[in-house]
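Note: the block below is work.tsv and it holds TSV, C-alpha atoms.
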```tsv
chain	number	residue	atom	x	y	z
A	1	MET	CA	-22.26	27.09	-0.05
A	2	GLY	CA	-22.28	29.46	-2.99
A	3	ASN	CA	-24.66	30.26	-5.78
A	4	ARG	CA	-26.85	27.23	-6.52
A	5	ASN	CA	-26.47	28.03	-10.21
A	6	GLY	CA	-22.84	29.05	-9.93
A	7	TYR	CA	-21.66	26.70	-12.68
A	8	GLU	CA	-23.78	28.62	-15.20
A	9	GLU	CA	-21.63	31.67	-14.60
A	10	PHE	CA	-18.73	30.10	-16.48
A	11	ASP	CA	-18.07	31.49	-19.93
A	12	ARG	CA	-18.46	28.23	-21.80
A	13	SER	CA	-16.58	29.63	-24.77
A	14	SER	CA	-13.56	30.70	-22.72
A	15	ARG	CA	-10.25	28.99	-23.25
A	16	GLU	CA	-9.82	28.37	-19.51
A	17	TYR	CA	-13.20	26.65	-19.21
A	18	LYS	CA	-12.61	24.39	-22.20
A	19	LYS	CA	-9.11	23.53	-21.03
A	20	GLU	CA	-10.40	22.55	-17.59
A	21	LEU	CA	-13.03	20.22	-19.03
A	22	TRP	CA	-10.62	18.55	-21.43
A	23	SER	CA	-8.04	18.18	-18.67
A	24	THR	CA	-10.60	16.34	-16.58
A	25	GLY	CA	-11.72	14.10	-19.43
A	26	ILE	CA	-8.11	13.19	-20.21
A	27	GLY	CA	-6.85	13.07	-16.63
A	28	LEU	CA	-9.57	10.71	-15.38
A	29	GLN	CA	-8.26	7.96	-17.66
A	30	ASP	CA	-5.40	7.56	-15.21
A	31	VAL	CA	-7.72	5.94	-12.64
A	32	ASP	CA	-7.52	2.78	-14.78
A	33	GLY	CA	-3.94	3.28	-15.93
A	34	LEU	CA	-4.99	4.51	-19.38
A	35	ALA	CA	-3.75	7.38	-21.54
A	36	PRO	CA	-5.37	8.80	-24.71
A	37	SER	CA	-3.64	9.13	-28.05
A	38	SER	CA	-1.56	12.11	-29.14
A	39	TYR	CA	-4.18	12.64	-31.85
A	40	LEU	CA	-6.91	13.15	-29.24
A	41	VAL	CA	-4.71	15.58	-27.32
A	42	ASP	CA	-4.02	17.54	-30.52
A	43	ILE	CA	-7.74	17.74	-31.36
A	44	ALA	CA	-8.51	18.85	-27.80
A	45	ASN	CA	-5.95	21.66	-28.06
A	46	ARG	CA	-7.42	22.80	-31.36
A	47	HIS	CA	-10.86	23.03	-29.73
A	48	ILE	CA	-9.43	24.82	-26.71
A	49	ASP	CA	-7.69	27.36	-28.96
A	50	GLY	CA	-10.91	28.02	-30.89
A	51	TYR	CA	-10.02	26.41	-34.21
A	52	LEU	CA	-12.70	23.74	-33.86
A	53	SER	CA	-16.16	23.60	-32.36
A	54	PHE	CA	-16.73	20.76	-29.92
A	55	ALA	CA	-18.97	18.97	-32.44
A	56	GLU	CA	-16.21	19.18	-35.04
A	57	ALA	CA	-13.64	17.88	-32.56
A	58	GLU	CA	-15.91	14.99	-31.58
A	59	ASN	CA	-16.55	14.03	-35.22
A	60	LEU	CA	-12.85	14.10	-36.09
A	61	VAL	CA	-11.93	11.78	-33.21
A	62	HIS	CA	-14.66	9.27	-34.05
A	63	GLU	CA	-13.79	9.36	-37.76
A	64	TYR	CA	-10.12	8.80	-36.93
A	65	TYR	CA	-10.85	5.56	-35.10
A	66	GLU	CA	-13.55	4.39	-37.50
A	67	GLN	CA	-11.16	4.72	-40.43
A	68	LYS	CA	-8.20	3.00	-38.79
A	69	GLU	CA	-7.47	-0.32	-40.48
A	70	THR	CA	-6.08	-1.87	-37.31
A	71	HIS	CA	-7.07	-1.32	-33.70
A	72	ASP	CA	-3.87	-2.58	-32.14
A	73	ASN	CA	-4.01	-0.34	-29.07
A	74	GLU	CA	-7.47	-0.80	-27.62
A	75	ASP	CA	-6.56	0.81	-24.28
A	76	GLU	CA	-5.44	4.02	-25.98
A	77	GLU	CA	-8.56	4.04	-28.16
A	78	GLU	CA	-10.82	3.54	-25.14
A	79	ALA	CA	-9.06	6.33	-23.25
A	80	SER	CA	-9.41	8.71	-26.20
A	81	LEU	CA	-13.10	8.03	-26.79
A	82	VAL	CA	-14.01	8.10	-23.10
A	83	ALA	CA	-12.04	11.34	-22.66
A	84	ILE	CA	-14.13	13.08	-25.28
A	85	ASN	CA	-17.32	11.57	-23.84
A	86	ILE	CA	-16.49	12.83	-20.34
A	87	THR	CA	-15.80	16.29	-21.72
A	88	LYS	CA	-19.13	16.27	-23.55
A	89	CYS	CA	-20.96	15.05	-20.44
A	90	LEU	CA	-19.43	17.80	-18.28
A	91	ILE	CA	-20.37	20.45	-20.84
A	92	SER	CA	-24.01	19.37	-20.64
A	93	GLY	CA	-26.07	21.13	-17.98
A	94	GLN	CA	-28.47	18.20	-17.69
A	95	PHE	CA	-28.33	15.98	-14.62
A	96	ASP	CA	-30.62	13.39	-13.08
A	97	PHE	CA	-29.74	12.63	-9.47
A	98	SER	CA	-31.07	9.08	-9.42
A	99	PHE	CA	-30.15	5.47	-10.12
A	100	SER	CA	-31.22	5.87	-13.74
A	101	GLY	CA	-29.15	9.07	-13.94
A	102	LEU	CA	-26.06	7.18	-12.78
A	103	CYS	CA	-26.71	4.52	-15.42
A	104	SER	CA	-27.19	7.23	-18.07
A	105	ILE	CA	-23.79	8.72	-17.30
A	106	HIS	CA	-22.16	5.30	-17.68
A	107	LYS	CA	-23.96	4.90	-21.00
A	108	ASP	CA	-22.87	8.36	-22.17
A	109	LEU	CA	-19.26	7.62	-21.28
A	110	PHE	CA	-18.95	4.09	-22.68
A	111	SER	CA	-21.43	3.73	-25.56
A	112	GLY	CA	-19.66	2.19	-28.53
A	113	ILE	CA	-16.82	1.08	-26.25
A	114	LEU	CA	-18.43	-1.39	-23.84
A	115	SER	CA	-21.26	-3.64	-25.01
A	116	TYR	CA	-22.90	-3.28	-21.60
A	117	ALA	CA	-22.68	0.52	-21.37
A	118	GLY	CA	-25.38	1.83	-19.06
A	119	LYS	CA	-26.30	-1.66	-17.79
A	120	ILE	CA	-25.64	-2.79	-14.24
A	121	ARG	CA	-23.51	-5.88	-13.83
A	122	ASP	CA	-25.13	-9.27	-13.34
A	123	VAL	CA	-22.00	-10.93	-11.94
A	124	ASN	CA	-20.03	-10.46	-8.74
A	125	ILE	CA	-16.58	-8.95	-9.22
A	126	SER	CA	-13.33	-8.11	-7.43
A	127	LYS	CA	-10.20	-6.18	-8.36
A	128	ARG	CA	-6.77	-6.28	-6.76
A	129	GLU	CA	-5.74	-2.78	-5.80
A	130	TRP	CA	-2.28	-1.21	-5.98
A	131	VAL	CA	-2.81	0.65	-2.73
A	132	LEU	CA	-3.48	-2.71	-1.04
A	133	GLY	CA	-0.20	-4.17	-2.22
A	134	GLY	CA	-1.77	-5.59	-5.37
A	135	LYS	CA	-3.16	-8.50	-3.35
A	136	GLU	CA	-6.54	-7.44	-1.97
A	137	SER	CA	-9.86	-6.10	-3.25
A	138	VAL	CA	-12.57	-3.94	-1.76
A	139	MET	CA	-15.74	-5.91	-1.02
A	140	TYR	CA	-18.23	-4.69	-3.63
A	141	SER	CA	-22.01	-5.11	-3.46
A	142	LEU	CA	-23.60	-8.31	-4.64
A	143	ALA	CA	-24.98	-7.96	-8.16
A	144	SER	CA	-28.49	-8.71	-6.87
A	145	GLU	CA	-28.29	-5.76	-4.43
A	146	ILE	CA	-26.99	-3.03	-6.76
A	147	GLU	CA	-30.17	-1.14	-7.65
A	148	ARG	CA	-31.57	-1.31	-4.13
A	149	SER	CA	-28.27	-0.12	-2.64
A	150	VAL	CA	-27.88	2.84	-5.02
A	151	ASN	CA	-31.49	3.91	-4.49
A	152	TYR	CA	-31.03	3.69	-0.71
A	153	ASP	CA	-27.90	5.87	-0.73
A	154	ILE	CA	-29.42	8.47	-3.05
A	155	ALA	CA	-32.66	8.62	-1.04
A	156	ASN	CA	-30.67	9.24	2.14
A	157	GLU	CA	-28.62	11.92	0.41
A	158	LYS	CA	-31.75	13.68	-0.88
A	159	ALA	CA	-33.11	13.76	2.69
A	160	PHE	CA	-29.83	15.05	4.14
A	161	SER	CA	-29.57	18.71	5.17
A	162	TYR	CA	-26.30	20.62	4.81
A	163	ARG	CA	-27.67	23.56	6.78
A	164	GLY	CA	-25.31	24.80	9.47
A	165	LEU	CA	-22.51	22.33	8.73
A	166	SER	CA	-18.87	23.32	8.86
A	167	LYS	CA	-16.63	22.99	5.80
A	168	GLU	CA	-15.04	19.92	7.35
A	169	GLU	CA	-18.41	18.27	7.93
A	170	ILE	CA	-19.59	19.01	4.40
A	171	ALA	CA	-16.43	17.59	2.83
A	172	SER	CA	-16.55	14.49	5.06
A	173	HIS	CA	-20.20	13.87	4.24
A	174	ILE	CA	-19.63	14.25	0.48
A	175	ALA	CA	-16.65	11.89	0.79
A	176	SER	CA	-18.77	9.33	2.64
A	177	PHE	CA	-21.59	9.51	0.10
A	178	THR	CA	-19.16	9.20	-2.82
A	179	ALA	CA	-17.40	6.22	-1.27
A	180	GLY	CA	-20.75	4.52	-0.70
A	181	ILE	CA	-21.79	4.85	-4.34
A	182	TRP	CA	-18.36	3.73	-5.56
A	183	GLN	CA	-18.24	0.68	-3.27
A	184	ILE	CA	-21.49	-0.59	-4.75
A	185	HIS	CA	-19.61	-0.76	-8.09
A	186	PRO	CA	-22.75	-0.94	-10.23
A	187	PHE	CA	-20.97	-1.70	-13.51
A	188	ARG	CA	-18.49	-4.30	-14.69
A	189	GLU	CA	-16.02	-1.58	-15.75
A	190	GLY	CA	-15.73	2.19	-15.63
A	191	ASN	CA	-17.07	2.70	-12.10
A	192	THR	CA	-14.50	5.25	-10.91
A	193	ARG	CA	-14.80	7.46	-13.99
A	194	THR	CA	-18.60	7.26	-13.84
A	195	THR	CA	-18.65	8.06	-10.11
A	196	ALA	CA	-16.35	11.06	-10.62
A	197	VAL	CA	-18.56	12.60	-13.33
A	198	PHE	CA	-21.73	11.83	-11.34
A	199	ILE	CA	-20.35	13.55	-8.23
A	200	LEU	CA	-18.97	16.56	-10.14
A	201	LYS	CA	-22.37	17.20	-11.70
A	202	TYR	CA	-24.14	16.64	-8.37
A	203	LEU	CA	-21.89	19.12	-6.58
A	204	ARG	CA	-22.86	21.76	-9.11
A	205	THR	CA	-26.54	21.25	-8.22
A	206	LEU	CA	-25.61	21.89	-4.58
A	207	GLY	CA	-24.26	25.29	-5.59
A	208	PHE	CA	-20.55	24.54	-5.53
A	209	THR	CA	-18.51	26.21	-8.24
A	210	VAL	CA	-16.04	23.37	-8.30
A	211	SER	CA	-12.90	23.30	-10.37
A	212	ASN	CA	-12.36	20.04	-12.21
A	213	ASP	CA	-8.58	20.48	-12.13
A	214	LEU	CA	-8.16	18.37	-9.01
A	215	PHE	CA	-9.72	15.36	-10.72
A	216	ALA	CA	-7.53	16.01	-13.74
A	217	SER	CA	-4.25	16.08	-11.83
A	218	ASN	CA	-5.01	13.71	-8.94
A	219	SER	CA	-7.35	11.08	-10.38
A	220	TRP	CA	-5.07	8.22	-9.23
A	221	TYR	CA	-5.11	9.62	-5.69
A	222	PHE	CA	-8.92	9.85	-5.93
A	223	ARG	CA	-9.19	6.16	-6.77
A	224	ASN	CA	-6.78	5.08	-4.03
A	225	ALA	CA	-8.60	7.27	-1.51
A	226	LEU	CA	-11.85	5.55	-2.46
A	227	VAL	CA	-10.23	2.19	-1.82
A	228	ARG	CA	-8.93	3.23	1.61
A	229	ALA	CA	-12.36	4.66	2.49
A	230	CYS	CA	-14.04	1.32	1.71
A	231	TYR	CA	-11.52	-1.40	2.54
A	232	SER	CA	-11.36	-3.25	5.83
A	233	ASN	CA	-9.33	-6.23	7.01
A	234	HIS	CA	-9.72	-6.49	10.73
A	235	SER	CA	-7.45	-9.53	11.00
A	236	ALA	CA	-4.65	-7.30	9.66
A	237	GLY	CA	-5.76	-4.32	11.72
A	238	VAL	CA	-6.95	-2.26	8.74
A	239	CYS	CA	-10.15	-0.22	9.09
A	240	PRO	CA	-11.90	2.00	6.52
A	241	ASP	CA	-10.25	5.43	6.55
A	242	ILE	CA	-12.26	8.29	5.05
A	243	SER	CA	-9.65	10.94	5.90
A	244	TYR	CA	-7.81	10.77	2.56
A	245	LEU	CA	-11.00	11.19	0.57
A	246	SER	CA	-12.21	13.96	2.90
A	247	LYS	CA	-8.94	15.79	2.29
A	248	PHE	CA	-9.50	15.49	-1.46
A	249	PHE	CA	-13.02	16.91	-1.28
A	250	THR	CA	-12.02	19.70	1.11
A	251	SER	CA	-9.51	20.84	-1.50
A	252	LEU	CA	-12.02	20.39	-4.34
A	253	LEU	CA	-14.89	22.27	-2.70
A	254	TYR	CA	-12.95	25.11	-1.12
A	255	GLN	CA	-9.97	25.48	-3.50
A	256	MET	CA	-7.52	24.63	-0.73
A	257	ILE	CA	-3.99	23.64	-1.66
A	258	GLY	CA	-2.84	20.28	-0.37
A	259	SER	CA	-0.26	17.59	-0.96
A	260	PHE	CA	-1.71	14.40	-2.43
A	261	ARG	CA	0.77	11.52	-2.20
A	262	ASN	CA	-0.42	8.05	-3.10
A	263	ARG	CA	2.35	6.38	-1.12
A	264	ASP	CA	0.86	7.78	2.09
A	265	MET	CA	-2.12	5.45	1.60
A	266	LEU	CA	-0.20	2.29	0.70
A	267	VAL	CA	-1.03	-0.72	2.89
A	268	ASP	CA	1.03	-3.92	3.00
A	269	ILE	CA	-1.46	-6.66	3.83
A	270	THR	CA	1.28	-9.31	3.85
A	271	GLU	CA	2.41	-8.15	7.28
A	272	ARG	CA	0.12	-7.97	10.29
A	273	LEU	CA	-0.14	-4.36	11.32
A	274	SER	CA	0.11	-2.94	14.82
A	275	ASP	CA	-2.90	-2.81	17.13
A	276	ASP	CA	-3.50	0.87	16.40
A	277	ALA	CA	-3.17	0.59	12.60
A	278	CYS	CA	-6.88	1.16	12.14
A	279	ILE	CA	-6.87	4.42	14.09
A	280	THR	CA	-7.91	7.21	11.73
A	281	GLU	CA	-7.39	10.95	11.93
A	282	ASN	CA	-11.05	11.36	12.90
A	283	MET	CA	-10.52	9.02	15.86
A	284	ILE	CA	-7.43	10.94	16.97
A	285	ASN	CA	-9.42	14.19	16.91
A	286	LEU	CA	-12.17	12.53	18.95
A	287	MET	CA	-9.67	11.24	21.53
A	288	ASN	CA	-8.18	14.71	21.89
A	289	ALA	CA	-11.65	16.16	22.44
A	290	ILE	CA	-12.66	13.67	25.15
A	291	GLY	CA	-9.32	13.51	26.94
A	292	SER	CA	-9.78	12.34	30.53
A	293	ASP	CA	-13.43	13.47	30.76
A	294	GLU	CA	-16.81	11.77	30.53
A	295	LEU	CA	-18.82	13.77	28.03
A	296	SER	CA	-22.20	13.70	26.35
A	297	ARG	CA	-22.35	13.46	22.58
A	298	ALA	CA	-23.36	17.12	22.39
A	299	ALA	CA	-20.42	18.19	24.56
A	300	ILE	CA	-17.93	16.28	22.41
A	301	MET	CA	-19.38	17.80	19.25
A	302	ASP	CA	-19.13	21.25	20.82
A	303	ARG	CA	-15.45	20.74	21.61
A	304	MET	CA	-14.82	19.58	18.04
A	305	ALA	CA	-16.89	22.44	16.51
A	306	LEU	CA	-19.17	19.92	14.77
A	307	SER	CA	-22.92	20.29	14.38
A	308	ASP	CA	-24.35	17.38	12.35
A	309	LYS	CA	-25.33	14.45	14.57
A	310	THR	CA	-25.56	11.90	11.77
A	311	SER	CA	-22.11	12.65	10.36
A	312	PHE	CA	-20.62	12.72	13.87
A	313	ARG	CA	-21.97	9.27	14.73
A	314	LYS	CA	-20.98	7.80	11.38
A	315	LEU	CA	-17.53	9.32	10.95
A	316	TYR	CA	-16.30	9.83	14.51
A	317	LEU	CA	-18.13	8.28	17.44
A	318	GLY	CA	-19.28	5.00	15.88
A	319	PRO	CA	-15.83	3.99	14.54
A	320	ALA	CA	-14.19	4.95	17.86
A	321	VAL	CA	-16.57	2.78	19.88
A	322	SER	CA	-16.22	-0.10	17.39
A	323	ALA	CA	-12.42	0.14	17.62
A	324	GLY	CA	-12.60	-0.07	21.41
A	325	ILE	CA	-11.01	3.30	22.09
A	326	ALA	CA	-14.21	4.95	23.42
A	327	ALA	CA	-17.06	3.50	25.45
A	328	MET	CA	-20.47	4.41	26.87
A	329	THR	CA	-21.24	4.88	30.53
A	330	CYS	CA	-24.60	3.16	29.94
A	331	PRO	CA	-23.81	0.53	27.27
A	332	GLU	CA	-26.98	-1.46	27.98
A	333	LYS	CA	-29.08	1.64	27.11
A	334	PRO	CA	-27.45	3.42	24.13
A	335	ASN	CA	-30.16	6.11	24.04
A	336	HIS	CA	-30.12	6.88	27.76
A	337	PRO	CA	-30.62	10.66	28.30
A	338	GLN	CA	-27.62	10.74	30.65
A	339	GLN	CA	-25.35	8.80	28.30
A	340	ARG	CA	-21.72	9.82	28.46
A	341	TYR	CA	-18.62	8.71	26.56
A	342	TYR	CA	-15.10	8.19	27.85
A	343	LEU	CA	-11.81	6.81	26.59
A	344	THR	CA	-11.04	3.18	27.40
A	345	LYS	CA	-7.63	2.10	28.65
A	346	LYS	CA	-6.69	1.41	25.03
A	347	GLY	CA	-7.93	4.87	24.04
A	348	ARG	CA	-6.00	6.61	26.83
A	349	ASN	CA	-2.80	4.75	25.94
A	350	LEU	CA	-3.20	5.63	22.28
A	351	LEU	CA	-3.89	9.27	23.11
A	352	ARG	CA	-0.69	9.50	25.16
A	353	LYS	CA	1.22	7.87	22.32
A	354	TYR	CA	-0.13	10.28	19.69
A	355	ARG	CA	0.45	13.32	21.90
A	356	ARG	CA	4.06	12.28	22.49
A	357	ALA	CA	4.43	11.96	18.71
A	358	GLY	CA	3.11	15.50	18.30
A	359	ASN	CA	-0.27	14.64	16.73
```

Structure rendered as structure tokens:
Amino acid sequence: MGNRNGYEEFDRSSREYKKELWSTGIGLQDVDGLAPSSYLVDIANRHIDGYLSFAEAENLVHEYYEQKETHDNEDEEEASLVAINITKCLISGQFDFSFSGLCSIHKDLFSGILSYAGKIRDVNISKREWVLGGKESVMYSLASEIERSVNYDIANEKAFSYRGLSKEEIASHIASFTAGIWQIHPFREGNTRTTAVFILKYLRTLGFTVSNDLFASNSWYFRNALVRACYSNHSAGVCPDISYLSKFFTSLLYQMIGSFRNRDMLVDITERLSDDACITENMINLMNAIGSDELSRAAIMDRMALSDKTSFRKLYLGPAVSAGIAAMTCPEKPNHPQQRYYLTKKGRNLLRKYRRAGN
């Protein structure tokens, strides 16, 4: 997975490094439809080109907004101040992988902008999402469950071992962990930007020398992929689909070039979808692996070149069984030593359909 201290090998004074950080700070504003001022962009370029230190750049931006007589464009001001705060946070080598660390990042990003910076929300919230036709919201955690839920996810992640996993498994697991933290939505505002910075800094502790450019240029895709990973509406045939977010992290972690089109994720909830609308790419891969056979979990994993049991159950086998496309030979005893899995009639029909379509 790379040098565990790989991020320290960057020349922090290099133009390329500074440009990447600023691009991320500025680009992440797009997740909430915001854009910083031309003044902020000019100051950023002056720092990148070596005419200003970061401290000087930071002071100039804050002085600019403090001295303005009118604050008639609050969205632009927020975007500018948060952009410089994200850049500063990414420059810092400090990171606390904990609930309090997540809250600290939110505070670092939004102090002086939001009165509740760094404080978890005490109300339940929802937000209509573009990718869901502007009509639906992801189901976020109850306010009373936020701290417990974040601590649970982080404790499980700390106990998780990446040893022996394939690139696909690592990217899928990181995507699943990220989506879990984001769906909790600990704060009233700024959750996507906070989650992005938290995950970027965490990935560095895992030894990944990640480029921030993908967040800078595809932050809107990142948000929509989070929504699709967390949203379900079974009456409309829509199931959570982690594949878009996994694709994003595969590209981020392994510098793989991909096409990231938001329209590919768009869901129209106003029309009832077909019976197989909730079939994800992971399920299709599982169906191809099982085919007409009855196989043990280990045999299926071997055919798919997967090695982590937990990720396999969570991302492949569990969703397939829940969707009714795979079933157990001993359903009354899930842990039976001779347990096998096979495709149901629905699964076999879907497999034929996808193979005819060339999938």

May I have the centre and edge lengths, in Å to one decimal, of an axis-aligned box around the listed atoms of segment 279-290 of chain A with 8 Å added to every side, as lines of an AutoDock Vina configuration file?
```
center_x = -9.8
center_y = 10.3
center_z = 18.4
size_x = 21.8
size_y = 27.7
size_z = 29.4
```

Close residues, segment 142-159 of chain A itself excluded, 9 Å, only C-alpha atoms, min 5 positions apart in chain, as an NGL selection string: :A and (97-99 or 120-125 or 177 or 180-181 or 184-186)

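The two atoms in question, atom CA of Ser292 of chain A and atom CA of Arg348 of chain A, are spaced 7.8 Å apart.
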
Pick from A:Val131, A:Leu351, A:Cys278, A:Leu306, whichever lies nearest to Arg261 of chain A using only C-alpha atoms: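 Looking only at the distances to Arg261 of chain A, the closest residue turns out to be A:Val131.
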
Proximity to Pro337 of chain A - best of A:Asn45, A:Gly318, A:Ala305, A:Ala298, all atoms listed in the file: A:Ala298

Contact residues around Ser126 of chain A with all atoms listed in the file at 8 Å, ignoring same-chain residues under 3 positions, as a list in words: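 Here the qualifying residues turn out to be Ser137, Val138, Met139 and Tyr140 of chain A.
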
Put those residues in a file: C-alpha atoms, as a PDB file, in the frame of the given file.
```
ATOM      1  CA  SER A 137      -9.860  -6.100  -3.250  1.00  0.00           C
ATOM      2  CA  VAL A 138     -12.570  -3.940  -1.760  1.00  0.00           C
ATOM      3  CA  MET A 139     -15.740  -5.910  -1.020  1.00  0.00           C
ATOM      4  CA  TYR A 140     -18.230  -4.690  -3.630  1.00  0.00           C
TER       5      TYR A 140
END
```

Pairwise distance for atom CA of Met287 of chain A and atom CA of Gly164 of chain A, rounded to one decimal in Å: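 Result for atom CA of Met287 of chain A versus atom CA of Gly164 of chain A: 24.0 Å, one decimal.
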
Quick one: contact table of segment 111-215 of chain A to segment 228-248 of chain A, 10 Å max, nearest atom pair and distance in Å to one decimal per residue, counting all atoms listed in the file, chain and number order, as JSON lines?
```
{"residue": "A:Val131", "atom": "CA", "partner": "A:Arg228", "partner_atom": "CA", "distance": 7.9}
{"residue": "A:Leu132", "atom": "CA", "partner": "A:Arg228", "partner_atom": "CA", "distance": 8.5}
{"residue": "A:Glu136", "atom": "CA", "partner": "A:Tyr231", "partner_atom": "CA", "distance": 9.0}
{"residue": "A:Ser137", "atom": "CA", "partner": "A:Tyr231", "partner_atom": "CA", "distance": 7.6}
{"residue": "A:Val138", "atom": "CA", "partner": "A:Tyr231", "partner_atom": "CA", "distance": 5.1}
{"residue": "A:Met139", "atom": "CA", "partner": "A:Tyr231", "partner_atom": "CA", "distance": 7.1}
{"residue": "A:Tyr140", "atom": "CA", "partner": "A:Cys230", "partner_atom": "CA", "distance": 9.1}
{"residue": "A:Glu168", "atom": "CA", "partner": "A:Ser246", "partner_atom": "CA", "distance": 8.0}
{"residue": "A:Glu169", "atom": "CA", "partner": "A:Ser246", "partner_atom": "CA", "distance": 9.1}
{"residue": "A:Ile170", "atom": "CA", "partner": "A:Ser246", "partner_atom": "CA", "distance": 9.1}
{"residue": "A:Ala171", "atom": "CA", "partner": "A:Ser246", "partner_atom": "CA", "distance": 5.6}
{"residue": "A:Ser172", "atom": "CA", "partner": "A:Ser246", "partner_atom": "CA", "distance": 4.9}
{"residue": "A:His173", "atom": "CA", "partner": "A:Ser246", "partner_atom": "CA", "distance": 8.1}
{"residue": "A:Ile174", "atom": "CA", "partner": "A:Ser246", "partner_atom": "CA", "distance": 7.8}
{"residue": "A:Ala175", "atom": "CA", "partner": "A:Ser246", "partner_atom": "CA", "distance": 5.3}
{"residue": "A:Ser176", "atom": "CA", "partner": "A:Ile242", "partner_atom": "CA", "distance": 7.0}
{"residue": "A:Thr178", "atom": "CA", "partner": "A:Leu245", "partner_atom": "CA", "distance": 9.1}
{"residue": "A:Ala179", "atom": "CA", "partner": "A:Ala229", "partner_atom": "CA", "distance": 6.5}
{"residue": "A:Gly180", "atom": "CA", "partner": "A:Cys230", "partner_atom": "CA", "distance": 7.8}
{"residue": "A:Trp182", "atom": "CA", "partner": "A:Cys230", "partner_atom": "CA", "distance": 8.8}
{"residue": "A:Gln183", "atom": "CA", "partner": "A:Cys230", "partner_atom": "CA", "distance": 6.5}
{"residue": "A:Leu214", "atom": "CA", "partner": "A:Phe248", "partner_atom": "CA", "distance": 8.2}
{"residue": "A:Phe215", "atom": "CA", "partner": "A:Phe248", "partner_atom": "CA", "distance": 9.3}
```

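Among the candidates A:Ser100, A:Ser111, A:Gln94, A:Ser296, the one nearest to Leu81 of chain A when counting all atoms listed in the file is A:Ser111.
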